[in-house]
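Novice: my_file-v1.cif is reproduced in full below (mmCIF, C-alpha atoms and all ligand atoms).
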```cif
data_work
#
loop_
_atom_site.label_atom_id
_atom_site.label_comp_id
_atom_site.auth_asym_id
_atom_site.auth_seq_id
_atom_site.Cartn_x
_atom_site.Cartn_y
_atom_site.Cartn_z
CA MET A 1 111.18 119.11 92.67
CA PRO A 2 111.04 122.89 92.09
CA ASP A 3 108.58 124.80 94.19
CA ALA A 4 106.27 127.33 92.55
CA ASN A 5 106.41 129.38 95.75
CA ILE A 6 103.40 131.48 94.84
CA PRO A 7 102.47 134.10 97.46
CA ILE A 8 99.15 133.77 99.29
CA ILE A 9 97.27 137.04 99.89
CA ASP A 10 94.14 137.73 101.87
CA ILE A 11 92.39 140.73 100.30
CA SER A 12 89.31 140.44 102.49
CA ASN A 13 91.16 141.00 105.72
CA SER A 14 89.65 144.18 107.06
CA GLY A 15 92.30 144.34 109.81
CA THR A 16 95.09 145.04 107.32
CA ASP A 17 95.38 148.39 105.66
CA GLU A 18 94.48 148.44 102.00
CA ALA A 19 97.66 150.13 100.81
CA SER A 20 99.83 147.37 102.25
CA VAL A 21 97.64 144.63 100.70
CA ALA A 22 97.93 146.47 97.37
CA ARG A 23 101.73 146.69 97.61
CA HIS A 24 101.94 143.01 98.47
CA LEU A 25 99.74 142.16 95.46
CA VAL A 26 101.85 144.25 93.07
CA ASP A 27 105.10 142.72 94.38
CA ALA A 28 103.67 139.23 93.79
CA ALA A 29 102.48 140.21 90.29
CA VAL A 30 105.94 141.59 89.43
CA GLU A 31 107.87 138.67 90.89
CA HIS A 32 105.64 135.67 90.10
CA GLY A 33 102.69 136.71 87.91
CA PHE A 34 100.63 134.14 89.86
CA ILE A 35 99.00 134.83 93.23
CA TYR A 36 96.73 132.82 95.50
CA ILE A 37 93.81 134.87 96.81
CA ARG A 38 92.49 133.23 99.96
CA ASN A 39 88.81 132.47 99.90
CA THR A 40 87.67 132.33 103.46
CA GLY A 41 84.09 132.47 102.25
CA GLY A 42 83.61 136.20 101.72
CA LEU A 43 85.00 136.55 98.19
CA ILE A 44 82.93 134.12 96.15
CA ASN A 45 80.62 131.82 98.04
CA PRO A 46 82.09 128.26 98.16
CA SER A 47 78.65 126.78 97.44
CA ASP A 48 78.34 128.95 94.30
CA ILE A 49 81.70 127.60 93.15
CA GLY A 50 80.53 124.04 93.85
CA GLY A 51 77.31 124.74 91.95
CA ILE A 52 79.14 126.01 88.89
CA PHE A 53 81.39 122.91 88.82
CA ASP A 54 78.21 120.76 88.94
CA LEU A 55 76.88 122.70 85.99
CA SER A 56 80.13 122.24 84.08
CA ARG A 57 79.99 118.44 84.57
CA LYS A 58 76.39 118.46 83.36
CA LEU A 59 77.31 120.45 80.25
CA PHE A 60 80.20 118.20 79.25
CA LYS A 61 78.03 115.09 79.74
CA ALA A 62 75.49 116.42 77.21
CA PRO A 63 75.32 114.64 73.82
CA VAL A 64 78.13 115.66 71.52
CA GLU A 65 75.68 116.90 68.83
CA GLU A 66 74.24 119.35 71.37
CA LYS A 67 77.69 120.75 72.12
CA ALA A 68 78.76 120.70 68.47
CA ALA A 69 75.72 122.84 67.61
CA CYS A 70 77.37 125.55 69.72
CA SER A 71 80.88 125.17 68.30
CA ILE A 72 83.41 127.89 68.92
CA GLN A 73 83.43 130.81 66.50
CA THR A 74 86.03 133.45 65.80
CA ASN A 75 84.30 135.57 68.48
CA ASN A 76 85.90 133.03 70.88
CA ARG A 77 82.50 131.88 72.20
CA GLY A 78 81.22 128.32 72.29
CA TRP A 79 82.41 124.75 72.56
CA SER A 80 85.80 123.48 71.51
CA GLY A 81 86.14 119.69 71.34
CA MET A 82 89.10 117.46 72.10
CA HIS A 83 92.35 118.53 70.40
CA THR A 84 90.76 121.62 68.83
CA GLU A 85 92.82 124.19 70.65
CA THR A 86 96.61 124.07 70.50
CA LEU A 87 98.06 126.39 73.10
CA ASP A 88 101.67 125.67 72.21
CA PRO A 89 101.62 125.25 68.41
CA LYS A 90 105.42 125.35 68.09
CA THR A 91 105.88 122.25 70.26
CA GLN A 92 102.66 120.27 70.12
CA LYS A 93 102.05 117.68 67.41
CA ILE A 94 98.50 117.18 68.55
CA GLY A 95 96.03 119.66 70.09
CA ASP A 96 95.25 119.92 73.80
CA PHE A 97 93.73 116.86 75.50
CA LYS A 98 90.68 118.78 76.69
CA GLU A 99 87.29 120.16 75.78
CA ALA A 100 86.08 123.58 76.80
CA PHE A 101 83.07 125.85 76.69
CA ASN A 102 83.53 129.63 76.47
CA PHE A 103 80.81 132.02 77.62
CA GLY A 104 81.21 135.56 76.35
CA GLU A 105 79.57 138.56 77.98
CA PHE A 106 75.89 138.43 78.83
CA ARG A 107 73.47 141.29 78.13
CA ASP A 108 70.53 141.90 80.48
CA GLY A 109 71.17 138.49 82.04
CA LYS A 110 71.14 136.71 78.67
CA ALA A 111 73.96 134.94 76.84
CA GLN A 112 74.80 136.48 73.45
CA GLN A 113 75.51 133.06 71.91
CA PRO A 114 73.73 129.71 71.53
CA LEU A 115 73.74 127.55 74.68
CA PRO A 116 73.38 123.75 74.70
CA LYS A 117 69.81 122.77 75.57
CA THR A 118 70.94 120.93 78.71
CA ILE A 119 72.10 124.13 80.39
CA GLN A 120 69.62 126.63 79.01
CA PRO A 121 67.60 126.66 82.27
CA ASP A 122 70.81 127.49 84.14
CA GLU A 123 71.48 130.78 82.34
CA PRO A 124 70.74 132.88 85.48
CA GLN A 125 73.21 130.84 87.56
CA ILE A 126 75.93 131.29 84.93
CA ASN A 127 75.22 135.00 84.75
CA ALA A 128 75.39 135.38 88.54
CA PHE A 129 78.72 133.57 88.63
CA ARG A 130 80.15 135.74 85.85
CA GLU A 131 79.09 138.83 87.78
CA GLN A 132 80.78 137.64 90.96
CA CYS A 133 83.97 136.91 89.02
CA HIS A 134 83.87 140.31 87.37
CA SER A 135 83.44 142.15 90.68
CA LEU A 136 86.43 140.31 92.09
CA CYS A 137 88.50 141.28 89.02
CA LEU A 138 87.52 144.94 89.40
CA ARG A 139 88.63 144.81 93.03
CA LEU A 140 91.96 143.24 92.04
CA LEU A 141 92.47 145.83 89.29
CA ASP A 142 91.76 148.61 91.81
CA LEU A 143 94.34 147.15 94.18
CA LEU A 144 96.90 146.86 91.36
CA GLY A 145 96.25 150.53 90.48
CA LEU A 146 96.68 151.51 94.11
CA GLY A 147 99.82 149.41 94.56
CA LEU A 148 101.40 150.89 91.42
CA ASP A 149 100.41 154.38 92.53
CA VAL A 150 98.58 154.94 89.26
CA HIS A 151 96.74 158.26 88.86
CA PRO A 152 93.80 157.96 88.96
CA PRO A 153 93.93 154.67 90.93
CA ASP A 154 90.91 153.29 89.04
CA PHE A 155 92.80 153.63 85.72
CA PHE A 156 92.73 149.83 85.15
CA SER A 157 89.37 148.98 86.70
CA SER A 158 87.48 151.74 84.85
CA ALA A 159 88.72 150.24 81.55
CA HIS A 160 86.87 147.06 82.56
CA LEU A 161 83.45 148.54 83.40
CA THR A 162 81.07 146.50 81.28
CA ARG A 163 78.26 149.05 81.15
CA LEU A 164 80.40 151.27 78.92
CA GLY A 165 80.92 148.72 76.13
CA GLU A 166 81.77 145.14 75.17
CA SER A 167 84.91 143.22 75.95
CA GLY A 168 86.51 139.90 75.10
CA THR A 169 86.01 138.64 78.68
CA ILE A 170 85.33 134.90 78.81
CA LEU A 171 84.09 132.51 81.47
CA ARG A 172 85.46 129.13 80.50
CA PHE A 173 84.54 125.64 81.67
CA LEU A 174 87.31 123.11 81.13
CA HIS A 175 87.12 119.31 81.08
CA TYR A 176 90.26 117.24 80.79
CA PRO A 177 89.15 113.61 80.40
CA GLU A 178 91.07 110.78 81.99
CA GLY A 179 93.84 110.26 79.52
CA PRO A 180 96.87 108.43 78.28
CA SER A 181 99.72 107.94 80.71
CA ALA A 182 102.28 110.63 81.41
CA ASP A 183 104.87 109.06 79.14
CA THR A 184 103.01 109.94 75.95
CA ALA A 185 103.74 113.26 74.31
CA GLN A 186 100.20 114.48 75.01
CA VAL A 187 99.51 117.50 77.18
CA ARG A 188 96.22 118.65 78.65
CA ALA A 189 97.00 122.27 77.89
CA GLY A 190 100.18 123.27 76.08
CA ALA A 191 102.58 125.86 77.49
CA HIS A 192 101.09 129.33 77.12
CA SER A 193 100.48 132.61 78.85
CA ASP A 194 96.95 134.01 79.11
CA TYR A 195 95.83 136.77 76.78
CA GLY A 196 93.83 139.16 78.92
CA SER A 197 94.44 141.37 81.93
CA VAL A 198 93.78 139.09 84.91
CA THR A 199 92.63 135.47 85.02
CA LEU A 200 90.80 133.83 87.92
CA LEU A 201 91.24 130.07 88.12
CA PHE A 202 89.07 127.70 90.13
CA ARG A 203 90.27 124.15 90.68
CA LEU A 204 89.10 121.14 92.66
CA PRO A 205 90.99 119.80 95.69
CA GLY A 206 92.99 116.68 94.88
CA GLN A 207 93.26 117.32 91.10
CA PRO A 208 96.85 118.06 90.02
CA GLY A 209 98.19 119.06 86.61
CA LEU A 210 98.87 122.81 86.55
CA GLU A 211 102.52 123.82 86.35
CA ILE A 212 104.23 127.18 85.97
CA LEU A 213 107.56 127.97 84.37
CA THR A 214 109.70 129.51 87.09
CA ARG A 215 112.30 132.26 86.61
CA GLU A 216 114.88 129.47 86.71
CA ASN A 217 113.16 127.98 83.67
CA GLU A 218 111.89 124.91 85.52
CA TRP A 219 108.37 123.51 85.59
CA ALA A 220 106.89 123.65 89.08
CA PRO A 221 103.54 122.18 90.13
CA VAL A 222 100.96 124.58 91.58
CA PRO A 223 99.12 122.91 94.49
CA VAL A 224 95.37 123.51 94.65
CA CYS A 225 95.49 124.03 98.43
CA PRO A 226 98.88 125.47 99.42
CA PRO A 227 100.05 125.14 103.05
CA GLY A 228 98.04 127.33 105.39
CA THR A 229 94.82 127.21 103.38
CA GLU A 230 93.85 123.57 103.97
CA SER A 231 91.14 124.41 106.47
CA ASP A 232 89.64 127.34 104.53
CA PRO A 233 86.07 126.67 103.34
CA ALA A 234 87.28 126.71 99.71
CA PRO A 235 90.69 126.50 98.00
CA PRO A 236 92.22 129.89 97.28
CA ILE A 237 91.32 131.45 93.93
CA LEU A 238 94.46 131.38 91.81
CA ILE A 239 94.93 134.56 89.83
CA ASN A 240 97.47 135.38 87.17
CA ILE A 241 98.50 138.34 85.09
CA GLY A 242 97.80 138.01 81.36
CA ASP A 243 99.75 139.28 78.35
CA LEU A 244 97.62 142.36 77.89
CA LEU A 245 98.27 143.70 81.38
CA SER A 246 101.94 142.81 81.07
CA TYR A 247 102.12 144.64 77.74
CA TRP A 248 100.20 147.58 79.20
CA THR A 249 102.65 147.87 82.11
CA ASN A 250 105.66 147.60 79.83
CA GLY A 251 106.48 144.12 81.13
CA LEU A 252 106.59 145.17 84.81
CA LEU A 253 103.71 142.88 85.76
CA ARG A 254 104.68 139.39 84.77
CA SER A 255 102.64 137.15 82.47
CA THR A 256 103.94 133.73 83.46
CA VAL A 257 103.96 130.72 81.16
CA HIS A 258 102.01 127.72 82.44
CA ARG A 259 100.62 124.39 81.22
CA VAL A 260 98.48 121.45 82.34
CA VAL A 261 100.08 118.01 82.21
CA PHE A 262 99.31 114.41 83.02
CA SER A 263 101.30 113.64 86.13
CA ASP A 264 102.32 110.04 86.66
CA GLN A 265 103.18 110.10 90.30
CA SER A 266 101.62 112.63 92.55
CA GLN A 267 104.04 115.50 92.99
CA VAL A 268 101.91 117.30 95.52
CA GLN A 269 100.77 115.67 98.72
CA GLY A 270 97.06 114.91 98.66
CA GLU A 271 96.73 115.24 94.86
CA THR A 272 96.39 112.23 92.56
CA ASP A 273 95.98 112.16 88.82
CA THR A 274 93.14 109.70 88.46
CA GLY A 275 89.96 110.26 86.51
CA PRO A 276 88.92 113.41 84.71
CA ARG A 277 90.01 116.88 85.74
CA TYR A 278 87.78 119.96 85.73
CA SER A 279 88.68 123.62 86.10
CA ILE A 280 86.97 126.96 85.55
CA ALA A 281 88.70 130.11 84.36
CA TYR A 282 87.54 133.70 84.11
CA PHE A 283 89.64 135.61 81.59
CA CYS A 284 89.05 139.28 82.21
CA HIS A 285 89.65 141.80 79.42
CA PRO A 286 89.28 145.56 79.15
CA ARG A 287 86.57 146.86 76.81
CA GLY A 288 87.62 146.20 73.23
CA THR A 289 87.90 149.88 72.33
CA VAL A 290 90.22 150.76 75.23
CA THR A 291 93.56 151.99 73.92
CA LEU A 292 96.53 150.57 75.74
CA ASP A 293 98.12 153.93 76.44
CA PRO A 294 101.12 154.34 78.75
CA VAL A 295 100.10 153.71 82.38
CA PRO A 296 100.23 156.92 84.44
CA SER A 297 102.50 155.45 87.09
CA GLU A 298 106.04 156.46 87.96
CA ARG A 299 106.99 152.85 88.67
CA VAL A 300 105.74 151.64 85.28
CA ARG A 301 107.36 154.58 83.47
CA ASN A 302 110.72 153.93 85.09
CA PHE A 303 110.70 150.18 84.50
CA VAL A 304 113.15 149.01 81.89
CA PRO A 305 112.48 145.45 80.70
CA ASP A 306 115.54 143.23 80.62
CA ALA A 307 116.02 142.63 76.90
CA GLY A 308 116.81 139.06 75.94
CA THR A 309 115.75 137.51 79.25
CA GLY A 310 112.59 135.70 80.19
CA ASP A 311 111.45 138.95 81.82
CA ALA A 312 111.08 140.81 78.56
CA ASN A 313 107.52 140.80 77.33
CA PRO A 314 107.55 139.49 73.77
CA TYR A 315 104.58 141.67 72.90
CA SER A 316 105.90 144.94 74.24
CA GLU A 317 107.70 145.71 71.03
CA ARG A 318 104.66 145.22 68.84
CA LYS A 319 102.47 148.11 67.90
CA VAL A 320 99.10 147.28 69.44
CA LEU A 321 96.54 149.96 69.82
CA THR A 322 93.40 148.58 71.38
CA ALA A 323 92.46 145.70 73.66
CA ASP A 324 90.56 144.07 70.76
CA GLU A 325 93.55 144.17 68.42
CA HIS A 326 95.70 142.61 71.12
CA LEU A 327 93.21 139.77 71.62
CA GLN A 328 92.75 139.03 67.91
CA MET A 329 96.48 138.69 67.49
CA ARG A 330 96.63 136.00 70.22
CA LEU A 331 93.48 134.08 69.24
CA LYS A 332 94.65 133.64 65.68
CA ALA A 333 97.71 131.76 66.87
CA SER A 334 95.77 129.23 69.02
CA TYR A 335 92.93 128.48 66.64
CA LEU A 336 94.86 128.70 63.40
CA SER A 337 92.83 126.04 61.60
CA LEU A 338 89.53 127.60 62.66
CA TYR A 339 90.59 130.98 61.33
CA GLU A 340 91.95 129.52 58.12
CA LYS A 341 88.67 127.69 57.49
CA GLN A 342 86.69 130.86 58.03
CA GLU A 343 89.00 132.87 55.80
CA LEU A 344 88.42 130.33 53.03
CA GLN A 345 84.67 130.55 53.49
CA LYS A 346 84.66 134.32 53.08
O1 LIG B 401 93.04 124.07 83.91
C1 LIG B 401 93.91 124.76 84.43
O2 LIG B 401 94.34 124.53 85.58
C2 LIG B 401 94.54 125.92 83.70
C3 LIG B 401 93.91 126.24 82.38
C4 LIG B 401 94.58 127.36 81.67
O3 LIG B 401 95.69 127.72 81.93
C5 LIG B 401 93.85 128.09 80.59
O4 LIG B 401 92.78 127.62 80.16
O5 LIG B 401 94.33 129.16 80.18
FE FE B 402 96.10 129.66 81.07
#
```
Can the structure in the file be given as structure tokens, please?
Specialist:
Amino acid sequence: MPDANIPIIDISNSGTDEASVARHLVDAAVEHGFIYIRNTGGLINPSDIGGIFDLSRKLFKAPVEEKAACSIQTNNRGWSGMHTETLDPKTQKIGDFKEAFNFGEFRDGKAQQPLPKTIQPDEPQINAFREQCHSLCLRLLDLLGLGLDVHPPDFFSSAHLTRLGESGTILRFLHYPEGPSADTAQVRAGAHSDYGSVTLLFRLPGQPGLEILTRENEWAPVPVCPPGTESDPAPPILINIGDLLSYWTNGLLRSTVHRVVFSDQSQVQGETDTGPRYSIAYFCHPRGTVTLDPVPSERVRNFVPDAGTGDANPYSERKVLTADEHLQMRLKASYLSLYEKQELQK
């Protein structure tokens, strides 16, 4: 079985110098596009992560009418039911075997979208979690700037400061119900790459399913707790580079294709595919009005994408001006029927 071989980095280690952590992070982002960030407790409190998973279970258990009243809109906020999203429309005959709830940005601690009644009292907890995720993303973007020797080093992170304007950033709860066996053609989430700059992914120990497409073009499972992290107070936070940051860096940082499958036999020790699966993602985006200008970094400038190989970023040839335009282009492809319906209604 192929090994995803994703590097594990500790960014909280005060004993290591920051420049070397930053270089390590950039190398992993160039080579793999996926990186484990160890969570020894200091990054995001393990009990806050546990609390947000409890909230997610509560939300998905709510009556379907309550969730349907908050159905996803073209602003990418709200609930999407089973088979609504199709992440790999070219291959999939039927939409993803999952339901999800997308929270857009909050303003003054309040959601800017309807929330199901069941979780309305929990708005402050959701807001606090979003804020913790965002701070971690800013730190990662600072390290990427430092590691790429970008001038100024906060070039990426400053494009993500929320007080200066809105962005397409989404906190997403995901519920993959217990499903058909692995021999059906169904997938939990079709093959895709993420749209934004960086994604944080939280998973639960023992729940398999995520796979990445390696450089050798093979699907490799991504263990929740890779060797060396088993006794940490929480699994590492899995991060990955999205299409926008790959586009922005001319394809140097890699946006790796991944999917979520039903796995018949456990491929990873300690993980078994029984019962429902839950995960939580934080898709970080720059402010919508940010223009994706050339990155002031020698390394990015000198990078020549390998045309015709898996390394070439399919979006780098398109003329995209702002972060918002980039996002709209991607959303239209995954929610084609939703967009078509809304076009007709206009
Ligand atoms: O549930 C997971 O492990 C991954 C989900 C994912 O890739 C996504 O929602 O973009
Ligand atoms: Fe994804």
Novice: Give as a PDB file with C-alpha atoms, keeping the file's coordinate frame every residue, naming chains and numbers as the document does, that has an atom within 9 Å of (93.4, 133.6, 96.0), counting only C-alpha atoms.
Specialist:
```pdb
ATOM      1  CA  ILE A   8      99.150 133.770  99.290  1.00  0.00           C
ATOM      2  CA  ILE A   9      97.270 137.040  99.890  1.00  0.00           C
ATOM      3  CA  ASP A  10      94.140 137.730 101.870  1.00  0.00           C
ATOM      4  CA  ILE A  11      92.390 140.730 100.300  1.00  0.00           C
ATOM      5  CA  ILE A  35      99.000 134.830  93.230  1.00  0.00           C
ATOM      6  CA  TYR A  36      96.730 132.820  95.500  1.00  0.00           C
ATOM      7  CA  ILE A  37      93.810 134.870  96.810  1.00  0.00           C
ATOM      8  CA  ARG A  38      92.490 133.230  99.960  1.00  0.00           C
ATOM      9  CA  ASN A  39      88.810 132.470  99.900  1.00  0.00           C
ATOM     10  CA  LEU A 200      90.800 133.830  87.920  1.00  0.00           C
ATOM     11  CA  LEU A 201      91.240 130.070  88.120  1.00  0.00           C
ATOM     12  CA  PRO A 235      90.690 126.500  98.000  1.00  0.00           C
ATOM     13  CA  PRO A 236      92.220 129.890  97.280  1.00  0.00           C
ATOM     14  CA  ILE A 237      91.320 131.450  93.930  1.00  0.00           C
ATOM     15  CA  LEU A 238      94.460 131.380  91.810  1.00  0.00           C
ATOM     16  CA  ILE A 239      94.930 134.560  89.830  1.00  0.00           C
TER      17      ILE A 239
END
```
Novice: Let me make sure I understand: among A:Asp232, A:Glu31, A:Glu211, A:Asp194, which one has the smallest atom-to-atom distance to ligand FE 402 (chain B) if we use only C-alpha atoms and all ligand atoms?
Specialist: A:Asp194
Novice: Kindly give the distance, in Å, that separates atom CA of Thr74 of chain A and atom CA of Phe103 of chain A, rounded to a single decimal.
Specialist: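 We find that atom CA of Thr74 of chain A and atom CA of Phe103 of chain A lie 13.0 Å from each other.
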Novice: Counting all atoms listed in the file, give me one row per residue of chain A with an atom at most 7 Å from an atom of ligand FE 402 (chain B), showing the shortest contact pair and its distance in Å to one decimal, sorted by chain then residue number, as CSV.
Specialist:
```
residue,atom,partner,partner_atom,distance
A:His192,CA,B:FE402,FE,6.4
A:Ser193,CA,B:FE402,FE,5.7
A:Asp194,CA,B:FE402,FE,4.8
A:His258,CA,B:FE402,FE,6.4
A:Arg259,CA,B:FE402,FE,6.9
```
Novice: Could you list, as a PyMOL selection string, all residues that come within 7 Å of ligand LIG 401 (chain B)? Count only C-alpha atoms and all ligand atoms.
Specialist: chain A and resi 174+189+194+201+203+209-210+258-260+278-281
Novice: If you measure from atom CA of Thr169 of chain A to atom CA of Pro286 of chain A, what distance in Å do you get, rounded to one decimal?
Specialist: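 Atom-to-atom, atom CA of Thr169 of chain A to atom CA of Pro286 of chain A, that is 7.7 Å.
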